[in-house]
file data-v1.cif (mmCIF, C-alpha atoms)
data_input
#
loop_
_atom_site.label_atom_id
_atom_site.label_comp_id
_atom_site.auth_asym_id
_atom_site.auth_seq_id
_atom_site.Cartn_x
_atom_site.Cartn_y
_atom_site.Cartn_z
CA MET A 1490 28.93 11.60 8.03
CA ARG A 1491 26.10 9.03 7.93
CA VAL A 1492 22.60 10.38 7.41
CA ALA A 1493 19.30 8.49 7.35
CA VAL A 1494 16.12 10.13 6.08
CA VAL A 1495 12.77 8.79 7.38
CA GLY A 1496 9.12 9.92 7.35
CA LYS A 1497 5.60 9.18 6.12
CA GLY A 1498 5.00 8.05 2.54
CA GLY A 1499 4.83 10.95 0.13
CA SER A 1500 6.34 13.46 2.53
CA GLY A 1501 9.48 13.90 0.43
CA LYS A 1502 12.09 11.52 1.87
CA THR A 1503 13.47 10.49 -1.51
CA THR A 1504 13.61 14.03 -2.91
CA THR A 1505 15.26 15.34 0.26
CA SER A 1506 17.80 12.50 0.29
CA ALA A 1507 18.76 13.13 -3.32
CA ILE A 1508 19.26 16.86 -2.85
CA VAL A 1509 21.31 16.30 0.33
CA ALA A 1510 23.46 13.69 -1.47
CA ARG A 1511 24.15 15.84 -4.51
CA THR A 1512 24.77 18.96 -2.46
CA MET A 1513 27.30 17.14 -0.29
CA ALA A 1514 28.99 15.79 -3.40
CA ARG A 1515 29.19 19.28 -4.89
CA HIS A 1516 30.98 20.38 -1.73
CA GLY A 1517 33.60 17.75 -2.38
CA ALA A 1518 32.42 14.84 -0.24
CA THR A 1519 32.52 11.25 -1.48
CA VAL A 1520 28.88 10.27 -1.30
CA VAL A 1521 27.18 6.90 -1.46
CA ALA A 1522 23.41 7.17 -1.74
CA LEU A 1523 21.83 4.00 -0.38
CA ASP A 1524 18.24 3.31 -1.33
CA CYS A 1525 16.91 1.18 1.51
CA ASP A 1526 13.27 1.37 0.41
CA SER A 1527 11.65 -1.83 -0.81
CA ASN A 1528 10.15 0.38 -3.51
CA PRO A 1529 13.38 2.10 -4.58
CA ASN A 1530 12.89 5.37 -6.43
CA LEU A 1531 15.97 7.30 -5.33
CA GLY A 1532 17.55 7.02 -8.78
CA LEU A 1533 14.75 9.16 -10.21
CA SER A 1534 15.41 12.00 -7.76
CA LEU A 1535 19.19 11.78 -8.18
CA GLY A 1536 18.75 12.13 -11.91
CA VAL A 1537 19.83 8.74 -13.31
CA GLY A 1538 16.53 8.40 -15.16
CA ASP A 1539 13.59 6.03 -15.33
CA PHE A 1540 15.32 3.24 -17.23
CA GLU A 1541 18.43 3.05 -15.05
CA THR A 1542 16.36 3.24 -11.85
CA GLU A 1543 14.34 0.23 -12.94
CA ARG A 1544 17.36 -1.65 -14.26
CA LEU A 1545 19.42 -1.28 -11.11
CA GLU A 1546 19.48 -4.61 -9.33
CA SER A 1547 19.44 -4.68 -5.60
CA MET A 1548 22.59 -5.82 -3.87
CA ARG A 1549 20.71 -8.48 -1.93
CA GLU A 1550 19.31 -9.92 -5.13
CA SER A 1551 22.71 -9.88 -6.81
CA LEU A 1552 24.30 -11.63 -3.85
CA ASP A 1553 21.53 -14.21 -3.64
CA GLU A 1554 22.00 -15.11 -7.27
CA GLY A 1555 25.77 -14.85 -7.31
CA GLY A 1556 26.62 -17.94 -5.30
CA GLU A 1557 29.51 -16.08 -3.65
CA GLU A 1558 31.45 -18.04 -1.10
CA HIS A 1559 32.33 -14.99 0.92
CA ALA A 1560 30.30 -11.83 1.11
CA PRO A 1561 32.34 -9.05 -0.49
CA GLY A 1562 33.01 -5.91 1.54
CA TRP A 1563 31.06 -2.71 1.21
CA ASP A 1564 33.49 -1.09 -1.21
CA ASP A 1565 33.24 -4.07 -3.49
CA LEU A 1566 29.44 -4.17 -3.28
CA ILE A 1567 29.10 -0.49 -4.08
CA ALA A 1568 31.55 -0.78 -6.97
CA ARG A 1569 29.92 -3.81 -8.48
CA PHE A 1570 26.24 -3.15 -8.02
CA GLY A 1571 26.02 0.61 -7.83
CA SER A 1572 25.33 3.16 -10.51
CA ASP A 1573 26.90 6.56 -11.16
CA ALA A 1574 24.64 9.52 -10.55
CA PRO A 1575 25.41 13.18 -11.37
CA ASP A 1576 27.96 15.12 -9.25
CA GLY A 1577 29.84 11.88 -8.59
CA VAL A 1578 27.25 10.39 -6.23
CA ARG A 1579 27.35 6.59 -6.25
CA LEU A 1580 23.88 5.03 -5.96
CA ALA A 1581 23.18 1.52 -4.66
CA VAL A 1582 19.91 -0.25 -3.94
CA VAL A 1583 19.86 -2.43 -0.83
CA SER A 1584 16.73 -4.49 -1.27
CA ARG A 1585 13.89 -4.58 -3.72
CA ILE A 1586 10.73 -6.64 -3.57
CA ASP A 1587 10.37 -8.48 -6.83
CA ASN A 1588 8.38 -11.57 -6.10
CA PRO A 1589 5.18 -11.94 -4.18
CA SER A 1590 5.57 -14.72 -1.68
CA PRO A 1591 3.19 -16.16 0.87
CA GLY A 1592 3.57 -14.24 4.10
CA MET B 934 -17.11 -6.16 -4.66
CA ARG B 935 -13.79 -6.90 -3.05
CA LEU B 936 -11.15 -4.41 -3.89
CA ALA B 937 -7.88 -2.97 -2.64
CA PHE B 938 -6.33 0.45 -3.10
CA VAL B 939 -2.54 0.32 -3.46
CA GLY B 940 0.08 2.78 -4.69
CA LYS B 941 3.09 4.82 -3.72
CA GLY B 942 3.04 6.49 -0.31
CA GLY B 943 1.28 9.83 -0.30
CA VAL B 944 -0.66 9.43 -3.56
CA GLY B 945 -3.98 9.71 -1.75
CA LYS B 946 -5.07 6.12 -1.24
CA SER B 947 -6.73 6.77 2.12
CA ALA B 948 -8.63 9.87 1.01
CA ILE B 949 -9.93 8.06 -2.07
CA ALA B 950 -10.64 4.79 -0.23
CA GLY B 951 -12.49 6.54 2.58
CA THR B 952 -14.62 8.53 0.15
CA PHE B 953 -15.23 5.42 -1.94
CA CYS B 954 -16.50 3.48 1.09
CA ARG B 955 -18.89 6.22 2.16
CA ALA B 956 -20.27 6.68 -1.36
CA LEU B 957 -20.75 2.92 -1.79
CA ALA B 958 -22.54 2.67 1.55
CA ARG B 959 -24.87 5.51 0.51
CA GLN B 960 -26.00 3.33 -2.36
CA GLY B 961 -27.26 0.89 0.25
CA HIS B 962 -24.46 -1.66 0.12
CA PRO B 963 -22.91 -3.12 3.27
CA VAL B 964 -19.29 -2.01 3.29
CA LEU B 965 -16.36 -3.25 5.31
CA ALA B 966 -13.48 -0.78 5.16
CA ILE B 967 -10.14 -2.23 6.13
CA ASP B 968 -6.84 -0.60 6.93
CA SER B 969 -3.93 -3.02 7.01
CA ASP B 970 -1.28 -0.35 7.52
CA PRO B 971 0.53 -0.51 10.87
CA LEU B 972 0.67 3.28 10.53
CA PRO B 973 -3.04 3.63 9.83
CA GLY B 974 -4.77 6.58 8.23
CA LEU B 975 -8.08 5.43 6.78
CA ALA B 976 -10.22 6.15 9.87
CA PHE B 977 -10.08 9.93 9.46
CA SER B 978 -10.95 9.77 5.77
CA LEU B 979 -14.05 7.74 6.71
CA GLY B 980 -15.13 10.37 9.20
CA LEU B 981 -14.13 8.54 12.37
CA THR B 982 -12.25 10.37 15.09
CA ILE B 983 -10.48 7.28 16.40
CA SER B 984 -7.14 6.27 14.98
CA ASP B 985 -6.82 2.90 16.60
CA ALA B 986 -9.44 0.15 16.28
CA PRO B 987 -7.70 -3.19 16.39
CA LEU B 988 -9.22 -6.59 17.00
CA PRO B 989 -9.10 -7.15 20.76
CA ASP B 990 -6.99 -9.96 22.07
CA GLU B 991 -10.11 -11.77 23.34
CA ALA B 992 -11.15 -12.37 19.71
CA ILE B 993 -8.02 -14.39 19.05
CA GLU B 994 -6.91 -17.77 20.31
CA ASP B 995 -3.89 -20.01 19.88
CA LYS B 996 -4.29 -23.00 17.63
CA PRO B 997 -4.73 -26.02 19.92
CA GLU B 998 -1.82 -28.46 19.99
CA GLY B 999 -2.01 -31.10 17.32
CA GLU B 1000 -4.39 -29.22 15.01
CA GLU B 1001 -3.51 -28.13 11.50
CA GLY B 1002 -3.60 -24.52 10.34
CA PRO B 1003 -2.22 -21.12 11.25
CA ARG B 1004 -0.78 -20.45 14.70
CA TYR B 1005 -3.53 -18.06 15.79
CA ARG B 1006 -7.14 -17.76 14.73
CA LEU B 1007 -10.50 -16.28 15.66
CA ARG B 1008 -11.64 -17.84 18.91
CA ALA B 1009 -13.83 -20.94 18.62
CA GLY B 1010 -17.39 -20.13 17.65
CA LEU B 1011 -16.62 -16.61 16.40
CA THR B 1012 -17.27 -16.38 12.66
CA ALA B 1013 -15.81 -13.68 10.45
CA ALA B 1014 -19.25 -12.04 10.25
CA ASP B 1015 -19.60 -12.18 14.07
CA ALA B 1016 -16.20 -10.57 14.45
CA ILE B 1017 -17.29 -7.65 12.24
CA ASP B 1018 -20.60 -7.31 14.12
CA GLN B 1019 -18.86 -7.27 17.49
CA TYR B 1020 -15.54 -5.58 16.90
CA ALA B 1021 -15.59 -3.37 13.81
CA ALA B 1022 -16.10 0.33 14.43
CA THR B 1023 -19.11 1.98 12.79
CA ALA B 1024 -18.39 5.01 10.63
CA PRO B 1025 -20.98 7.43 9.15
CA ASP B 1026 -23.36 5.98 6.53
CA GLY B 1027 -23.02 2.63 8.31
CA VAL B 1028 -19.57 1.77 6.98
CA ARG B 1029 -17.92 -0.82 9.23
CA PHE B 1030 -14.25 -0.31 9.84
CA LEU B 1031 -11.63 -2.81 10.84
CA GLN B 1032 -8.01 -2.06 11.39
CA PHE B 1033 -5.16 -4.48 11.45
CA GLY B 1034 -3.54 -2.67 14.35
CA LYS B 1035 -1.27 0.18 15.13
CA HIS B 1036 2.44 -0.28 15.47
CA ARG B 1037 3.49 0.82 18.93
CA GLY B 1038 7.18 0.06 18.81
CA SER B 1039 6.77 -2.65 21.44
CA THR B 1040 7.52 -6.31 20.91
CA GLY B 1041 4.79 -6.48 18.30
CA ARG B 1042 3.29 -9.59 19.87
CA GLY B 1043 -0.24 -8.20 19.74
CA LEU B 1044 0.07 -7.32 16.09
CA PHE B 1045 1.59 -10.68 15.33
CA ARG B 1046 -1.44 -12.46 16.80
CA SER B 1047 -3.98 -10.11 15.30
CA GLN B 1048 -2.68 -10.42 11.75
CA PHE B 1049 -3.78 -14.05 11.60
CA ALA B 1050 -7.31 -13.20 12.71
CA PHE B 1051 -7.45 -10.12 10.48
CA ARG B 1052 -6.53 -12.12 7.40
CA GLN B 1053 -8.86 -14.95 8.39
CA ILE B 1054 -11.77 -12.49 8.46
CA LEU B 1055 -10.93 -11.32 4.94
CA ARG B 1056 -10.78 -14.90 3.67
CA GLU B 1057 -13.95 -16.10 5.33
CA LEU B 1058 -16.35 -13.15 5.24
CA PRO B 1059 -19.27 -14.15 2.96
CA GLU B 1060 -18.76 -12.50 -0.43
CA ASP B 1061 -22.43 -12.20 -1.22
CA ARG B 1062 -23.11 -10.10 1.86
CA TRP B 1063 -20.13 -7.82 2.23
CA ASN B 1064 -18.25 -5.44 0.04
CA ILE B 1065 -14.66 -5.21 1.19
CA VAL B 1066 -12.67 -2.07 0.42
CA GLY B 1067 -9.07 -2.08 1.57
CA ASP B 1068 -6.57 0.70 2.05
CA LEU B 1069 -3.20 -1.03 1.88
CA PRO B 1070 0.12 0.45 2.95
CA GLY B 1071 2.05 2.54 0.47
CA GLY B 1072 4.81 1.05 -1.59
CA THR B 1073 5.49 -2.51 -2.62
CA ARG B 1074 6.32 -4.24 0.64
CA GLN B 1075 2.98 -5.41 2.00
CA PRO B 1076 0.21 -5.64 -0.62
CA PHE B 1077 1.13 -8.83 -2.40
CA THR B 1078 2.65 -10.86 0.39
CA GLY B 1079 -0.77 -12.25 1.28
CA TRP B 1080 -2.54 -9.09 2.43
CA GLY B 1081 -4.21 -8.37 -0.88
CA ASP B 1082 -5.31 -11.95 -1.53
CA TYR B 1083 -8.94 -11.21 -0.71
CA ALA B 1084 -9.21 -8.63 -3.50
CA ARG B 1085 -10.64 -9.36 -6.93
CA LEU B 1086 -9.93 -5.86 -8.15
CA ILE B 1087 -6.70 -4.01 -7.52
CA LEU B 1088 -6.95 -0.24 -7.91
CA ILE B 1089 -3.49 1.27 -8.21
CA VAL B 1090 -3.69 4.94 -7.28
CA VAL B 1091 -1.27 6.88 -9.47
CA GLU B 1092 -0.17 10.49 -9.49
CA PRO B 1093 1.18 11.70 -12.81
CA THR B 1094 4.72 11.79 -11.39
CA ALA B 1095 7.70 9.62 -12.35
CA LYS B 1096 8.06 7.97 -8.94
CA SER B 1097 4.38 7.18 -8.62
CA MET B 1098 4.22 5.74 -12.14
CA LEU B 1099 7.35 3.62 -11.60
CA THR B 1100 5.79 2.32 -8.38
CA ALA B 1101 2.58 1.53 -10.28
CA ARG B 1102 4.52 -0.50 -12.84
CA ARG B 1103 6.14 -2.49 -10.05
CA LEU B 1104 2.84 -3.02 -8.27
CA SER B 1105 1.13 -4.19 -11.44
CA ARG B 1106 3.86 -6.81 -11.91
CA LEU B 1107 3.65 -7.91 -8.28
CA ALA B 1108 -0.14 -8.15 -8.46
CA LEU B 1109 -0.02 -10.73 -11.24
CA ASP B 1110 -0.64 -14.00 -9.48
CA GLU B 1111 -2.08 -17.12 -11.04
CA GLU B 1112 -3.31 -18.36 -7.69
CA HIS B 1113 -5.29 -15.16 -7.13
CA PRO B 1114 -6.70 -14.03 -10.46
CA ARG B 1115 -7.71 -10.40 -10.26
CA GLN B 1116 -8.24 -7.38 -12.37
CA ILE B 1117 -5.57 -4.70 -12.10
CA VAL B 1118 -6.43 -1.13 -13.07
CA ALA B 1119 -5.33 2.42 -12.29
CA VAL B 1120 -7.04 5.42 -10.73
CA VAL B 1121 -5.31 8.72 -11.45
CA ASN B 1122 -5.19 11.11 -8.52
CA LYS B 1123 -4.13 14.77 -8.47
CA ALA B 1124 -4.76 15.06 -12.20
CA ARG B 1125 -3.99 18.62 -13.25
CA GLU B 1126 -3.81 18.52 -17.01
CA ALA B 1127 -5.89 17.07 -19.79
CA GLY B 1128 -3.06 14.77 -20.84
CA ASP B 1129 -2.48 13.20 -17.40
CA VAL B 1130 -4.70 10.16 -17.95
CA LYS B 1131 -3.01 9.38 -21.23
CA THR B 1132 0.45 9.80 -19.68
CA VAL B 1133 -0.43 7.38 -16.87
CA GLU B 1134 -1.88 4.86 -19.33
CA GLU B 1135 1.20 5.00 -21.51
CA ARG B 1136 3.74 4.81 -18.74
CA THR B 1137 2.05 2.18 -16.60
CA GLY B 1138 0.39 0.08 -19.29
CA LEU B 1139 -2.71 0.05 -17.10
CA GLU B 1140 -6.31 0.85 -17.95
CA VAL B 1141 -7.36 4.02 -16.14
CA VAL B 1142 -10.86 3.57 -14.71
CA GLY B 1143 -11.12 6.92 -12.97
CA ALA B 1144 -9.42 10.28 -12.70
CA VAL B 1145 -9.63 12.37 -9.54
CA PRO B 1146 -8.60 15.96 -10.19
CA TRP B 1147 -6.15 17.87 -8.00
CA ASP B 1148 -8.44 19.43 -5.44
CA VAL B 1149 -7.38 21.58 -2.52
CA ALA B 1150 -10.43 20.32 -0.60
CA PHE B 1151 -8.85 16.85 -0.39
CA ALA B 1152 -5.66 18.32 1.05
CA GLU B 1153 -7.62 20.42 3.54
CA ALA B 1154 -9.57 17.38 4.70
CA GLU B 1155 -6.27 15.60 5.38
CA GLU B 1156 -5.02 18.57 7.36
CA LYS B 1157 -8.18 18.66 9.45
CA MET B 1158 -8.23 14.87 9.84
CA ALA B 1159 -11.74 14.84 8.39
CA ALA B 1160 -13.57 12.89 5.70
CA PRO B 1161 -13.51 14.66 2.32
CA ILE B 1162 -17.12 13.58 1.73
CA ASP B 1163 -18.18 15.48 4.89
CA LEU B 1164 -15.89 18.48 4.56
CA ALA B 1165 -16.17 19.06 0.83
CA PRO B 1166 -19.22 17.12 -0.40
CA GLY B 1167 -19.59 18.98 -3.67
CA SER B 1168 -15.90 19.16 -4.55
CA ALA B 1169 -14.62 17.94 -7.88
CA ALA B 1170 -12.48 15.25 -6.26
CA VAL B 1171 -15.35 13.82 -4.20
CA LYS B 1172 -17.59 13.84 -7.26
CA ALA B 1173 -14.96 11.96 -9.24
CA VAL B 1174 -14.79 9.25 -6.57
CA GLU B 1175 -18.60 9.04 -6.50
CA SER B 1176 -18.57 8.50 -10.28
CA LEU B 1177 -16.01 5.74 -9.85
CA VAL B 1178 -18.29 4.03 -7.32
CA GLU B 1179 -21.25 4.27 -9.69
CA GLN B 1180 -19.21 2.95 -12.59
CA LEU B 1181 -17.78 -0.01 -10.69
CA SER B 1182 -21.15 -0.90 -9.15
CA ALA B 1183 -22.75 -0.79 -12.57
CA GLU B 1184 -20.07 -3.05 -14.02
CA ARG B 1185 -20.61 -5.39 -11.07
CA ILE B 1186 -16.95 -6.06 -10.80
CA SER B 1187 -16.61 -8.31 -7.85
#

call {"tool": "encode", "arguments": {"input": "data-v1.cif", "output": "C-alpha cells"}}
result
Amino acid sequence: MRVAVVGKGGSGKTTTSAIVARTMARHGATVVALDCDSNPNLGLSLGVGDFETERLESMRESLDEGGEEHAPGWDDLIARFGSDAPDGVRLAVVSRIDNPSPG
Amino acid sequence: MRLAFVGKGGVGKSAIAGTFCRALARQGHPVLAIDSDPLPGLAFSLGLTISDAPLPDEAIEDKPEGEEGPRYRLRAGLTAADAIDQYAATAPDGVRFLQFGKHRGSTGRGLFRSQFAFRQILRELPEDRWNIVGDLPGGTRQPFTGWGDYARLILIVVEPTAKSMLTARRLSRLALDEEHPRQIVAVVNKAREAGDVKTVEERTGLEVVGAVPWDVAFAEAEEKMAAPIDLAPGSAAVKAVESLVEQLSAERIS
C-alpha cells in the first residue's frame, strides 16, 4: 500500500501520517515513513524525538555530498539514511531546505 | 517598517498579520499588506471578501531583447508606487493589499510572470512612505529564497508545540543572511500557560517580542472568513496584537 497525506498547513498532516504509519506497523506491515516536506517534522510525531528529527539528514543532501557514481536503490537509501522509529517504522527524509539561495 | 511574518503552517500568521496591518493603519500609517502564498489567506483576515487579487498581466512586460535584468518587469513608466495605487485592493482602515497570485493548477505562466513584478514592487517601493507587512507561506520553502528580502524585521510566529518550535529554529537559521541584515524575533501565538513564553525563548533561542493568548475569537474569525479585528475587537488576542503594533512603532524598528 502507498499512501500520501496532503492538506493545508497546520491541519494535521504530519500527526495523521505518523499515527497511520505506526498503526500499520503494529498490524504487522513493513512501513517506511517518508517525510517529503521541506520542513520535515514527521520524526517528532513518530516519536523519535527532537534531537534525532533535527539530526536526520535528508537523502538528497546525503547523495549530493556523497559523490556516488551510481544512485543507490531505494532499499539502500532507506537503510543508509533512515532512522528507526517505534513499532519498527523506518523514517527517511527526502529533502530539507538548509541554505537560502537566490530564487 | 518592513516586516514579514513567517512560521510553521497553521500557527496563525495570517490572523496576526491581518490584525497587525489594520491596527497599524489605524495609527495613521500607510500600510501595504502582502500575501506571497500561492494558496493565499491574508485577505479574509484583513476584512476583504475577495480571495484573489493578483497583479494583472497588463502591469507586466517582457524585458526587451538585449537589456540587462530580470526576464519580466513592471511595464515601462509604471513605478512600484503607481502599481500599488492602481492595482492593490483597498481593505478597511485604508490598508492596501497586494497578492502574489493564486495557484490554479494550470501551467503557472501567469504566476511566473507576476512573481518578477511582485518582487520588484517590494524592492522599489519607497521605504519612507510605505510600511510593508508580509504574510509569507508556512514552512521553510519560500521565505528565504528571495521573497523575504524586503524585510528588515522577521517575526517568526511560534506556537508552544514541538513542531512549531523546531520550525522556528530552522527559520531563524535560514533568515541569517549577511547580504540582507535583519532582526529576527519571535511572536508566541496560542499561548495558554504562564510558562509558554519562556519555553519558546529557551527552545528557539529567539527574543519573544509579543505573546498572543489562545483565543477562541481568533478561531471563530477564521471559520467565518472574517477579520478578527472586526469580529472580536475587544478580544484578548486582538488586544495583544495591538500592543505589538504599539511597541514596534514606538521602537521605530524599520

call {"tool": "closest_atom_pairs", "arguments": {"input": "data-v1.cif", "of": "chain B", "to": "chain A", "cutoff": "12 Å", "atoms": "only C-alpha atoms", "output": "Markdown table"}}
result
| residue | atom | partner | partner_atom | distance |
| --- | --- | --- | --- | --- |
| B:Gly940 | CA | A:Gly1498 | CA | 10.2 |
| B:Lys941 | CA | A:Gly1498 | CA | 7.3 |
| B:Gly942 | CA | A:Gly1498 | CA | 3.8 |
| B:Gly943 | CA | A:Gly1499 | CA | 3.7 |
| B:Val944 | CA | A:Gly1499 | CA | 6.8 |
| B:Gly945 | CA | A:Gly1499 | CA | 9.1 |
| B:Lys946 | CA | A:Gly1498 | CA | 10.9 |
| B:Ser947 | CA | A:Gly1498 | CA | 11.8 |
| B:Asp970 | CA | A:Gly1498 | CA | 11.6 |
| B:Pro971 | CA | A:Lys1497 | CA | 11.9 |
| B:Leu972 | CA | A:Lys1497 | CA | 8.9 |
| B:Pro973 | CA | A:Lys1497 | CA | 10.9 |
| B:Gly974 | CA | A:Lys1497 | CA | 10.9 |
| B:Pro1003 | CA | A:Gly1592 | CA | 11.5 |
| B:Phe1045 | CA | A:Gly1592 | CA | 11.9 |
| B:Gln1048 | CA | A:Gly1592 | CA | 10.6 |
| B:Phe1049 | CA | A:Gly1592 | CA | 10.5 |
| B:Arg1052 | CA | A:Gly1592 | CA | 10.8 |
| B:Pro1070 | CA | A:Gly1498 | CA | 9.0 |
| B:Gly1071 | CA | A:Gly1498 | CA | 6.6 |
| B:Gly1072 | CA | A:Asn1528 | CA | 5.7 |
| B:Thr1073 | CA | A:Asn1528 | CA | 5.6 |
| B:Arg1074 | CA | A:Ser1527 | CA | 6.0 |
| B:Gln1075 | CA | A:Gly1592 | CA | 9.1 |
| B:Pro1076 | CA | A:Pro1589 | CA | 8.8 |
| B:Phe1077 | CA | A:Pro1589 | CA | 5.4 |
| B:Thr1078 | CA | A:Gly1592 | CA | 5.1 |
| B:Gly1079 | CA | A:Gly1592 | CA | 5.5 |
| B:Trp1080 | CA | A:Gly1592 | CA | 8.2 |
| B:Gly1081 | CA | A:Pro1589 | CA | 10.6 |
| B:Asp1082 | CA | A:Pro1591 | CA | 9.8 |
| B:Glu1092 | CA | A:Gly1499 | CA | 10.9 |
| B:Thr1094 | CA | A:Leu1533 | CA | 10.4 |
| B:Ala1095 | CA | A:Leu1533 | CA | 7.4 |
| B:Lys1096 | CA | A:Asn1530 | CA | 6.0 |
| B:Ser1097 | CA | A:Asn1530 | CA | 9.0 |
| B:Met1098 | CA | A:Asp1539 | CA | 9.9 |
| B:Leu1099 | CA | A:Asp1539 | CA | 7.7 |
| B:Thr1100 | CA | A:Asn1528 | CA | 6.8 |
| B:Ala1101 | CA | A:Asn1528 | CA | 10.2 |
| B:Arg1102 | CA | A:Glu1543 | CA | 9.8 |
| B:Arg1103 | CA | A:Asp1587 | CA | 8.0 |
| B:Leu1104 | CA | A:Asn1528 | CA | 9.4 |
| B:Ser1105 | CA | A:Asp1587 | CA | 11.2 |
| B:Arg1106 | CA | A:Asp1587 | CA | 8.4 |
| B:Leu1107 | CA | A:Pro1589 | CA | 5.9 |
| B:Ala1108 | CA | A:Pro1589 | CA | 7.8 |
| B:Leu1109 | CA | A:Pro1589 | CA | 8.9 |
| B:Asp1110 | CA | A:Pro1589 | CA | 8.1 |
| B:Glu1111 | CA | A:Pro1589 | CA | 11.3 |
| B:Glu1112 | CA | A:Pro1591 | CA | 11.0 |
| B:His1113 | CA | A:Pro1589 | CA | 11.3 |
| B:Arg1136 | CA | A:Asp1539 | CA | 10.5 |

call {"tool": "atom_distance", "arguments": {"input": "data-v1.cif", "atom1": "CA of Pro1059 in chain B", "atom2": "CA of Ile1017 in chain B"}}
result
11.5 Å

call {"tool": "resolve_selection", "arguments": {"input": "data-v1.cif", "expression": "the PyMOL selection byres ((chain B and resi 1050) around 12)", "output": "MDAnalysis selection string"}}
result
chainID B and resid 987:996 1003:1009 1011:1013 1016:1017 1020 1031:1034 1043:1049 1051:1058

call {"tool": "resolve_selection", "arguments": {"input": "data-v1.cif", "expression": "the PyMOL selection byres ((chain A and resi 1507) around 12)", "output": "PyMOL selection string"}}
result
chain A and resi 1492-1494+1501-1506+1508-1514+1520-1524+1530-1537+1574-1576+1578-1580

call {"tool": "resolve_selection", "arguments": {"input": "data-v1.cif", "expression": "the PyMOL selection byres ((chain B and resi 1133) around 12)", "output": "compact mmCIF listing (two decimals) with C-alpha atoms, keeping the file's coordinate frame"}}
result
# COMPACT_ATOMS: atom_id res chain seq x y z
CA ILE B 1089 -3.49 1.27 -8.21
CA VAL B 1090 -3.69 4.94 -7.28
CA VAL B 1091 -1.27 6.88 -9.47
CA GLU B 1092 -0.17 10.49 -9.49
CA PRO B 1093 1.18 11.70 -12.81
CA THR B 1094 4.72 11.79 -11.39
CA ALA B 1095 7.70 9.62 -12.35
CA LYS B 1096 8.06 7.97 -8.94
CA SER B 1097 4.38 7.18 -8.62
CA MET B 1098 4.22 5.74 -12.14
CA LEU B 1099 7.35 3.62 -11.60
CA THR B 1100 5.79 2.32 -8.38
CA ALA B 1101 2.58 1.53 -10.28
CA ARG B 1102 4.52 -0.50 -12.84
CA VAL B 1118 -6.43 -1.13 -13.07
CA ALA B 1119 -5.33 2.42 -12.29
CA VAL B 1120 -7.04 5.42 -10.73
CA VAL B 1121 -5.31 8.72 -11.45
CA ASN B 1122 -5.19 11.11 -8.52
CA LYS B 1123 -4.13 14.77 -8.47
CA ALA B 1124 -4.76 15.06 -12.20
CA GLU B 1126 -3.81 18.52 -17.01
CA ALA B 1127 -5.89 17.07 -19.79
CA GLY B 1128 -3.06 14.77 -20.84
CA ASP B 1129 -2.48 13.20 -17.40
CA VAL B 1130 -4.70 10.16 -17.95
CA LYS B 1131 -3.01 9.38 -21.23
CA THR B 1132 0.45 9.80 -19.68
CA GLU B 1134 -1.88 4.86 -19.33
CA GLU B 1135 1.20 5.00 -21.51
CA ARG B 1136 3.74 4.81 -18.74
CA THR B 1137 2.05 2.18 -16.60
CA GLY B 1138 0.39 0.08 -19.29
CA LEU B 1139 -2.71 0.05 -17.10
CA GLU B 1140 -6.31 0.85 -17.95
CA VAL B 1141 -7.36 4.02 -16.14
CA VAL B 1142 -10.86 3.57 -14.71
CA GLY B 1143 -11.12 6.92 -12.97
CA ALA B 1144 -9.42 10.28 -12.70

call {"tool": "atom_distance", "arguments": {"input": "data-v1.cif", "atom1": "CA of Tyr1083 in chain B", "atom2": "CA of Ser984 in chain B"}}
result
23.6 Å

call {"tool": "atom_distance", "arguments": {"input": "data-v1.cif", "atom1": "CA of Ser1176 in chain B", "atom2": "CA of Asp1061 in chain B"}}
result
22.9 Å
